[in-house]
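Engineer: What follows is the file query00.cif, containing mmCIF, C-alpha atoms:
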data_model
loop_
_atom_site.group_PDB
_atom_site.id
_atom_site.type_symbol
_atom_site.label_atom_id
_atom_site.label_comp_id
_atom_site.auth_asym_id
_atom_site.auth_seq_id
_atom_site.Cartn_x
_atom_site.Cartn_y
_atom_site.Cartn_z
ATOM 1 C CA MET A 1142 -28.956 16.802 30.569
ATOM 2 C CA SER A 1143 -26.888 14.844 28.083
ATOM 3 C CA HIS A 1144 -26.064 11.223 28.845
ATOM 4 C CA ALA A 1145 -23.576 10.761 25.984
ATOM 5 C CA PRO A 1146 -20.480 8.939 27.272
ATOM 6 C CA ALA A 1147 -17.195 10.775 27.270
ATOM 7 C CA SER A 1148 -14.548 9.641 24.836
ATOM 8 C CA ALA A 1149 -12.118 7.085 26.234
ATOM 9 C CA PRO A 1150 -8.579 8.405 26.785
ATOM 10 C CA PRO A 1151 -5.954 7.280 24.247
ATOM 11 C CA ASP A 1152 -4.381 4.819 26.701
ATOM 12 C CA SER A 1153 -7.661 3.183 27.684
ATOM 13 C CA GLY A 1154 -7.579 -0.595 27.461
ATOM 14 C CA ALA A 1155 -11.338 -0.873 26.996
ATOM 15 C CA PRO A 1156 -12.609 -2.133 23.632
ATOM 16 C CA ARG A 1157 -13.814 0.713 21.461
ATOM 17 C CA ARG A 1158 -17.252 0.723 19.925
ATOM 18 C CA GLY A 1159 -18.272 2.155 16.603
ATOM 19 C CA ARG A 1160 -15.462 3.641 14.546
ATOM 20 C CA PRO A 1161 -12.240 1.762 15.326
ATOM 21 C CA GLY A 1162 -9.046 3.159 16.772
ATOM 22 C CA TYR A 1163 -7.076 1.486 13.962
ATOM 23 C CA ASP A 1164 -6.325 2.576 10.466
ATOM 24 C CA ARG A 1165 -6.782 -0.022 7.735
ATOM 25 C CA GLU A 1166 -3.055 -0.764 7.528
ATOM 26 C CA THR A 1167 -2.595 -1.435 11.234
ATOM 27 C CA LEU A 1168 -5.747 -3.523 11.444
ATOM 28 C CA LEU A 1169 -4.590 -5.672 8.534
ATOM 29 C CA GLY A 1170 -1.209 -6.266 10.168
ATOM 30 C CA VAL A 1171 -2.726 -7.387 13.472
ATOM 31 C CA CYS A 1172 -5.220 -9.685 11.733
ATOM 32 C CA VAL A 1173 -2.436 -11.354 9.728
ATOM 33 C CA GLU A 1174 -0.471 -11.977 12.923
ATOM 34 C CA VAL A 1175 -3.539 -13.633 14.473
ATOM 35 C CA PHE A 1176 -4.100 -15.757 11.342
ATOM 36 C CA ASN A 1177 -0.503 -16.952 11.495
ATOM 37 C CA VAL A 1178 -0.731 -17.891 15.167
ATOM 38 C CA HIS A 1179 -4.146 -19.568 15.206
ATOM 39 C CA GLY A 1180 -4.609 -20.521 11.556
ATOM 40 C CA TYR A 1181 -6.925 -18.703 9.187
ATOM 41 C CA ASP A 1182 -9.713 -21.300 9.277
ATOM 42 C CA ALA A 1183 -9.680 -21.447 13.100
ATOM 43 C CA THR A 1184 -9.814 -17.668 13.501
ATOM 44 C CA SER A 1185 -13.258 -16.113 13.844
ATOM 45 C CA MET A 1186 -14.199 -12.458 13.670
ATOM 46 C CA GLY A 1187 -14.743 -12.749 17.418
ATOM 47 C CA THR A 1188 -11.120 -13.842 17.827
ATOM 48 C CA LEU A 1189 -9.947 -10.891 15.767
ATOM 49 C CA SER A 1190 -12.145 -8.554 17.805
ATOM 50 C CA LYS A 1191 -10.601 -9.831 21.028
ATOM 51 C CA HIS A 1192 -7.019 -9.401 19.819
ATOM 52 C CA LEU A 1193 -7.709 -5.973 18.360
ATOM 53 C CA GLY A 1194 -9.572 -4.802 21.433
ATOM 54 C CA ILE A 1195 -12.438 -3.448 19.377
ATOM 55 C CA SER A 1196 -15.937 -4.612 18.525
ATOM 56 C CA LYS A 1197 -16.717 -6.717 15.474
ATOM 57 C CA SER A 1198 -18.768 -3.844 14.106
ATOM 58 C CA ALA A 1199 -15.656 -1.669 14.302
ATOM 59 C CA ILE A 1200 -13.762 -4.203 12.178
ATOM 60 C CA TYR A 1201 -16.582 -4.113 9.634
ATOM 61 C CA HIS A 1202 -15.981 -0.385 9.343
ATOM 62 C CA HIS A 1203 -12.844 -1.315 7.377
ATOM 63 C CA VAL A 1204 -13.688 -4.677 5.760
ATOM 64 C CA GLU A 1205 -16.775 -6.636 4.832
ATOM 65 C CA SER A 1206 -15.560 -10.069 5.905
ATOM 66 C CA LYS A 1207 -12.712 -12.158 7.240
ATOM 67 C CA GLU A 1208 -12.138 -13.381 3.693
ATOM 68 C CA GLU A 1209 -11.592 -9.811 2.502
ATOM 69 C CA ILE A 1210 -8.847 -9.432 5.111
ATOM 70 C CA LEU A 1211 -7.250 -12.625 3.813
ATOM 71 C CA GLU A 1212 -7.459 -11.468 0.200
ATOM 72 C CA GLN A 1213 -5.862 -8.104 0.980
ATOM 73 C CA ALA A 1214 -3.041 -9.803 2.875
ATOM 74 C CA LEU A 1215 -2.353 -12.343 0.135
ATOM 75 C CA ASN A 1216 -2.440 -9.673 -2.552
ATOM 76 C CA ARG A 1217 0.195 -7.729 -0.685
ATOM 77 C CA ALA A 1218 2.587 -10.686 -0.687
ATOM 78 C CA LEU A 1219 1.837 -11.774 -4.245
ATOM 79 C CA ASP A 1220 1.941 -8.271 -5.726
ATOM 80 C CA ALA A 1221 5.411 -7.758 -4.249
ATOM 81 C CA LEU A 1222 6.695 -11.113 -5.537
ATOM 82 C CA GLU A 1223 5.236 -10.561 -9.002
ATOM 83 C CA GLU A 1224 6.817 -7.105 -9.188
ATOM 84 C CA VAL A 1225 10.235 -8.636 -8.456
ATOM 85 C CA LEU A 1226 9.794 -10.917 -11.471
ATOM 86 C CA ALA A 1227 8.385 -8.168 -13.661
ATOM 87 C CA ALA A 1228 11.319 -5.884 -12.860
ATOM 88 C CA ALA A 1229 13.801 -8.601 -13.805
ATOM 89 C CA GLU A 1230 11.919 -9.478 -16.990
ATOM 90 C CA ARG A 1231 11.964 -5.841 -18.096
ATOM 91 C CA THR A 1232 15.770 -5.829 -18.293
ATOM 92 C CA GLU A 1233 17.834 -7.049 -21.230
ATOM 93 C CA ALA A 1234 20.474 -8.691 -19.043
ATOM 94 C CA PRO A 1235 21.397 -12.355 -19.519
ATOM 95 C CA ALA A 1236 18.916 -14.730 -17.934
ATOM 96 C CA VAL A 1237 21.363 -15.770 -15.227
ATOM 97 C CA GLN A 1238 21.673 -12.171 -14.068
ATOM 98 C CA ARG A 1239 17.911 -11.748 -14.096
ATOM 99 C CA LEU A 1240 17.595 -14.948 -12.085
ATOM 100 C CA GLU A 1241 20.002 -13.610 -9.473
ATOM 101 C CA GLN A 1242 17.984 -10.385 -9.366
ATOM 102 C CA VAL A 1243 14.833 -12.427 -8.762
ATOM 103 C CA ILE A 1244 16.449 -14.442 -5.984
ATOM 104 C CA ARG A 1245 17.679 -11.339 -4.191
ATOM 105 C CA GLY A 1246 14.377 -9.550 -4.649
ATOM 106 C CA THR A 1247 12.381 -12.529 -3.416
ATOM 107 C CA VAL A 1248 14.501 -12.773 -0.268
ATOM 108 C CA HIS A 1249 14.016 -9.065 0.396
ATOM 109 C CA VAL A 1250 10.249 -9.336 -0.088
ATOM 110 C CA LEU A 1251 10.099 -12.298 2.257
ATOM 111 C CA VAL A 1252 11.991 -10.445 4.982
ATOM 112 C CA GLU A 1253 10.105 -7.166 4.533
ATOM 113 C CA GLN A 1254 6.675 -8.798 4.223
ATOM 114 C CA MET A 1255 7.313 -11.879 6.354
ATOM 115 C CA PRO A 1256 3.890 -12.121 8.080
ATOM 116 C CA TYR A 1257 2.096 -11.791 4.720
ATOM 117 C CA VAL A 1258 4.350 -14.278 2.921
ATOM 118 C CA THR A 1259 4.038 -16.673 5.867
ATOM 119 C CA LEU A 1260 0.261 -16.559 5.504
ATOM 120 C CA LEU A 1261 0.598 -17.223 1.774
ATOM 121 C CA LEU A 1262 2.813 -20.246 2.359
ATOM 122 C CA ARG A 1263 0.318 -21.797 4.778
ATOM 123 C CA LEU A 1264 -2.683 -21.740 2.454
ATOM 124 C CA ARG A 1265 -4.692 -24.925 2.012
ATOM 125 C CA GLY A 1266 -6.892 -23.891 -0.899
ATOM 126 C CA ASN A 1267 -10.134 -24.060 1.072
ATOM 127 C CA SER A 1268 -11.797 -21.081 -0.637
ATOM 128 C CA GLU A 1269 -11.857 -19.268 -3.961
ATOM 129 C CA VAL A 1270 -9.583 -16.576 -2.531
ATOM 130 C CA GLU A 1271 -7.037 -19.188 -1.500
ATOM 131 C CA THR A 1272 -7.311 -21.055 -4.793
ATOM 132 C CA ARG A 1273 -6.630 -17.889 -6.771
ATOM 133 C CA ALA A 1274 -3.659 -17.056 -4.579
ATOM 134 C CA LEU A 1275 -2.217 -20.546 -4.947
ATOM 135 C CA GLU A 1276 -2.506 -20.309 -8.746
ATOM 136 C CA ARG A 1277 -0.672 -16.978 -8.713
ATOM 137 C CA ARG A 1278 2.019 -18.571 -6.573
ATOM 138 C CA ARG A 1279 2.359 -21.471 -9.025
ATOM 139 C CA THR A 1280 2.673 -18.965 -11.862
ATOM 140 C CA VAL A 1281 5.558 -17.288 -10.024
ATOM 141 C CA THR A 1282 7.266 -20.674 -9.759
ATOM 142 C CA ARG A 1283 6.758 -21.351 -13.471
ATOM 143 C CA ARG A 1284 8.252 -17.973 -14.378
ATOM 144 C CA VAL A 1285 11.315 -18.705 -12.257
ATOM 145 C CA GLY A 1286 11.577 -22.082 -13.959
ATOM 146 C CA ALA A 1287 11.464 -20.389 -17.367
ATOM 147 C CA LEU A 1288 14.329 -18.100 -16.332
ATOM 148 C CA ILE A 1289 16.385 -21.103 -15.234
ATOM 149 C CA GLU A 1290 15.736 -22.870 -18.538
ATOM 150 C CA GLN A 1291 16.695 -19.765 -20.496
ATOM 151 C CA ALA A 1292 19.930 -19.437 -18.526
ATOM 152 C CA GLN A 1293 20.628 -23.119 -19.273
ATOM 153 C CA GLU A 1294 20.140 -22.493 -22.985
ATOM 154 C CA GLU A 1295 22.526 -19.539 -22.765
ATOM 155 C CA GLY A 1296 25.150 -21.825 -21.241
ATOM 156 C CA ASP A 1297 25.345 -20.113 -17.838
ATOM 157 C CA LEU A 1298 23.657 -22.835 -15.797
ATOM 158 C CA ARG A 1299 24.229 -26.550 -15.862
ATOM 159 C CA ARG A 1300 21.867 -28.366 -18.202
ATOM 160 C CA ASP A 1301 21.643 -31.690 -16.408
ATOM 161 C CA LEU A 1302 19.021 -30.307 -14.007
ATOM 162 C CA SER A 1303 15.290 -29.925 -14.572
ATOM 163 C CA GLY A 1304 14.345 -26.260 -14.654
ATOM 164 C CA ARG A 1305 10.931 -27.156 -13.248
ATOM 165 C CA SER A 1306 12.390 -29.050 -10.299
ATOM 166 C CA ALA A 1307 15.170 -26.513 -9.774
ATOM 167 C CA SER A 1308 12.681 -23.650 -9.493
ATOM 168 C CA ARG A 1309 10.655 -25.528 -6.883
ATOM 169 C CA LEU A 1310 13.730 -26.428 -4.860
ATOM 170 C CA LEU A 1311 15.145 -22.921 -5.123
ATOM 171 C CA LEU A 1312 11.945 -21.241 -3.999
ATOM 172 C CA GLY A 1313 11.474 -23.903 -1.337
ATOM 173 C CA MET A 1314 14.852 -22.980 0.130
ATOM 174 C CA ILE A 1315 13.910 -19.300 0.123
ATOM 175 C CA ASN A 1316 10.461 -19.967 1.591
ATOM 176 C CA SER A 1317 11.976 -21.940 4.474
ATOM 177 C CA ILE A 1318 13.416 -18.655 5.751
ATOM 178 C CA VAL A 1319 10.078 -17.833 7.382
ATOM 179 C CA ASP A 1320 10.536 -20.786 9.743
ATOM 180 C CA TRP A 1321 13.818 -19.690 11.286
ATOM 181 C CA TYR A 1322 14.917 -16.205 10.265
ATOM 182 C CA ARG A 1323 14.413 -13.367 12.718
ATOM 183 C CA PRO A 1324 15.791 -10.070 11.379
ATOM 184 C CA ASP A 1325 18.043 -8.026 13.627
ATOM 185 C CA PRO A 1326 16.452 -4.542 13.768
ATOM 186 C CA ASP A 1327 19.935 -3.050 14.108
ATOM 187 C CA LYS A 1328 21.164 -4.866 10.984
ATOM 188 C CA PRO A 1329 18.457 -4.656 8.315
ATOM 189 C CA ASP A 1330 20.787 -6.143 5.677
ATOM 190 C CA ASP A 1331 22.907 -8.877 7.201
ATOM 191 C CA GLY A 1332 23.863 -10.621 3.978
ATOM 192 C CA LEU A 1333 20.991 -13.106 3.865
ATOM 193 C CA ALA A 1334 20.356 -12.566 0.149
ATOM 194 C CA ASP A 1335 24.078 -12.981 -0.588
ATOM 195 C CA THR A 1336 24.063 -16.298 1.278
ATOM 196 C CA VAL A 1337 21.030 -17.595 -0.617
ATOM 197 C CA VAL A 1338 22.535 -16.564 -3.967
ATOM 198 C CA ALA A 1339 25.858 -18.235 -3.112
ATOM 199 C CA LEU A 1340 24.178 -21.483 -2.100
ATOM 200 C CA ALA A 1341 21.881 -21.499 -5.117
ATOM 201 C CA PHE A 1342 24.491 -20.787 -7.753
ATOM 202 C CA SER A 1343 27.151 -23.064 -6.318
ATOM 203 C CA GLY A 1344 24.858 -25.909 -7.304
ATOM 204 C CA LEU A 1345 23.326 -24.453 -10.440
ATOM 205 C CA ARG A 1346 26.132 -22.709 -12.277
ATOM 206 C CA ALA A 1347 27.831 -24.505 -15.139
ATOM 207 C CA PRO A 1348 31.483 -25.428 -14.477
#
If you convert what's in this file into structure tokens, what do you get?

Structural biologist:
Amino acid sequence: MSHAPASAPPDSGAPRRGRPGYDRETLLGVCVEVFNVHGYDATSMGTLSKHLGISKSAIYHHVESKEEILEQALNRALDALEEVLAAAERTEAPAVQRLEQVIRGTVHVLVEQMPYVTLLLRLRGNSEVETRALERRRTVTRRVGALIEQAQEEGDLRRDLSGRSASRLLLGMINSIVDWYRPDPDKPDDGLADTVVALAFSGLRAP
């Protein structure tokens, strides 16, 4: 007589053992939410297991470590931000137009990938994964600064501002969105990017 347990029904609240009831994408999303609530350093694999409702061994079916989860999450945010810059840099438009494209694209990435960008913005550089991510983030800032300086040279932005400082302030304004913005699911595009562009260029554009 077989003693193998029957499979739990789909709506069972009991933690699953062995192969998880999550695909990699869903598991990553839940883990990022937990990191953002409790802090990455304070979150153990046991904490993730509890929130996911599955065993730690089930999590290891998808990833080898908590740090791998972090790296995948940070790559998602950084890859999207870097692609926004790359797309703008591939055009032959004036630098000021490319800068506006970058601003709009960055806002859209932040809204669409908010949990992942939030995690990126809260890094402390306590591991090699975090250090690499922070360097990629600094490179993004430098590339935005280079666009600002080019637009200044082309006469479209005021030249009495430091491109280096302006890029930090500009991205700082955009990054602050994670602290207060809550998208309306019924209005996916409520003019947020337009507002950021208007505020940015009212201070940057040459008279």

Engineer: Please indicate the distance in Å from atom CA of A:Asp1297 to atom CA of A:Val1252, rounded to one decimal place.

Structural biologist: 28.2 Å

Engineer: Restrict the calculation to only C-alpha atoms, then for each residue of stretch 1231-1338 of chain A with any atom at most 9 Å from an atom of stretch 1170-1178 of chain A give the closest atom pair and their distance in Å to one decimal, rows by chain and rising residue number, as CSV.

Structural biologist:
residue,atom,partner,partner_atom,distance
A:Pro1256,CA,A:Glu1174,CA,6.5
A:Tyr1257,CA,A:Val1173,CA,6.8
A:Thr1259,CA,A:Asn1177,CA,7.2
A:Leu1260,CA,A:Asn1177,CA,6.1
A:Arg1263,CA,A:Asn1177,CA,8.3

Engineer: Within 12 Å of A:Ile1289, counting only C-alpha atoms, which residues show up once you throw out same-chain ones fewer than 4 positions away? Write them as number ranges by chain, please.

Structural biologist: A: 1235-1241, 1243-1244, 1282-1285, 1293-1311, 1341-1342, 1345-1347

Engineer: Put those residues in a file: C-alpha atoms, as a CSV table (one decimal), keeping the file's coordinate frame.

Structural biologist:
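This went into part.csv:
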chain,number,residue,atom,x,y,z
A,1235,PRO,CA,21.4,-12.4,-19.5
A,1236,ALA,CA,18.9,-14.7,-17.9
A,1237,VAL,CA,21.4,-15.8,-15.2
A,1238,GLN,CA,21.7,-12.2,-14.1
A,1239,ARG,CA,17.9,-11.7,-14.1
A,1240,LEU,CA,17.6,-14.9,-12.1
A,1241,GLU,CA,20.0,-13.6,-9.5
A,1243,VAL,CA,14.8,-12.4,-8.8
A,1244,ILE,CA,16.4,-14.4,-6.0
A,1282,THR,CA,7.3,-20.7,-9.8
A,1283,ARG,CA,6.8,-21.4,-13.5
A,1284,ARG,CA,8.3,-18.0,-14.4
A,1285,VAL,CA,11.3,-18.7,-12.3
A,1293,GLN,CA,20.6,-23.1,-19.3
A,1294,GLU,CA,20.1,-22.5,-23.0
A,1295,GLU,CA,22.5,-19.5,-22.8
A,1296,GLY,CA,25.2,-21.8,-21.2
A,1297,ASP,CA,25.3,-20.1,-17.8
A,1298,LEU,CA,23.7,-22.8,-15.8
A,1299,ARG,CA,24.2,-26.6,-15.9
A,1300,ARG,CA,21.9,-28.4,-18.2
A,1301,ASP,CA,21.6,-31.7,-16.4
A,1302,LEU,CA,19.0,-30.3,-14.0
A,1303,SER,CA,15.3,-29.9,-14.6
A,1304,GLY,CA,14.3,-26.3,-14.7
A,1305,ARG,CA,10.9,-27.2,-13.2
A,1306,SER,CA,12.4,-29.0,-10.3
A,1307,ALA,CA,15.2,-26.5,-9.8
A,1308,SER,CA,12.7,-23.6,-9.5
A,1309,ARG,CA,10.7,-25.5,-6.9
A,1310,LEU,CA,13.7,-26.4,-4.9
A,1311,LEU,CA,15.1,-22.9,-5.1
A,1341,ALA,CA,21.9,-21.5,-5.1
A,1342,PHE,CA,24.5,-20.8,-7.8
A,1345,LEU,CA,23.3,-24.5,-10.4
A,1346,ARG,CA,26.1,-22.7,-12.3
A,1347,ALA,CA,27.8,-24.5,-15.1

Engineer: Nearest to A:Asp1335 among A:Val1258, A:Ile1318, A:Ala1228, A:Val1248, with distances taken over all atoms listed in the file: which residue is it?

Structural biologist: A:Val1248

Engineer: Just checking: using all atoms listed in the file, which residue out of A:Ser1196, A:Thr1272, A:Ser1343, A:Asn1316 ends up closest to A:Val1250?

Structural biologist: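 Checking each of A:Ser1196, A:Thr1272, A:Ser1343, A:Asn1316 against A:Val1250, counting all atoms listed in the file, the winner is A:Asn1316.
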
Engineer: Give as a count of residues only every residue, naming chains and numbers as the document does, that has an atom within 12 Å of (-14.6, -16.2, 13.9), counting only C-alpha atoms.

Structural biologist: 21

Engineer: So how far away is atom CA of A:Ala1292 from atom CA of A:Leu1261, in Å?

Structural biologist: 28.1 Å

Engineer: Put a box with edges along x, y and z around all the listed atoms of stretch 1292-1309 of chain A, pad it by 8 Å on each side, then give me its centre and sizes in Å, one decimal, as JSON.

Structural biologist:
{"center_x": 18.0, "center_y": -25.6, "center_z": -14.9, "size_x": 30.7, "size_y": 28.3, "size_z": 32.1}

Engineer: Rounded to one decimal, what separation in Å do you get between atom CA of A:Val1281 and atom CA of A:Glu1223?

Structural biologist: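 Atom CA of A:Glu1223 lies at a distance of 6.8 Å from atom CA of A:Val1281.
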
Engineer: So, counting only C-alpha atoms, which residue among A:Asp1325, A:Leu1211, A:Gln1291, A:Gly1313 is closest to A:Leu1264?

Structural biologist: A:Leu1211

Engineer: With C-alpha atoms as the atom set, please write stretch 1216-1227 of chain A from the structure just given, as an mmCIF file, in the first residue's frame.

Structural biologist:
data_model
loop_
_atom_site.group_PDB
_atom_site.id
_atom_site.type_symbol
_atom_site.label_atom_id
_atom_site.label_comp_id
_atom_site.auth_asym_id
_atom_site.auth_seq_id
_atom_site.Cartn_x
_atom_site.Cartn_y
_atom_site.Cartn_z
ATOM 1 C CA ASN A 1216 20.252 43.790 -13.166
ATOM 2 C CA ARG A 1217 16.632 44.180 -14.138
ATOM 3 C CA ALA A 1218 16.559 47.801 -12.976
ATOM 4 C CA LEU A 1219 19.985 48.702 -14.337
ATOM 5 C CA ASP A 1220 19.508 46.978 -17.694
ATOM 6 C CA ALA A 1221 16.309 48.964 -18.251
ATOM 7 C CA LEU A 1222 17.940 52.278 -17.291
ATOM 8 C CA GLU A 1223 21.000 51.619 -19.447
ATOM 9 C CA GLU A 1224 18.796 50.751 -22.425
ATOM 10 C CA VAL A 1225 17.024 54.115 -22.086
ATOM 11 C CA LEU A 1226 20.395 55.856 -22.394
ATOM 12 C CA ALA A 1227 21.584 53.604 -25.197
#
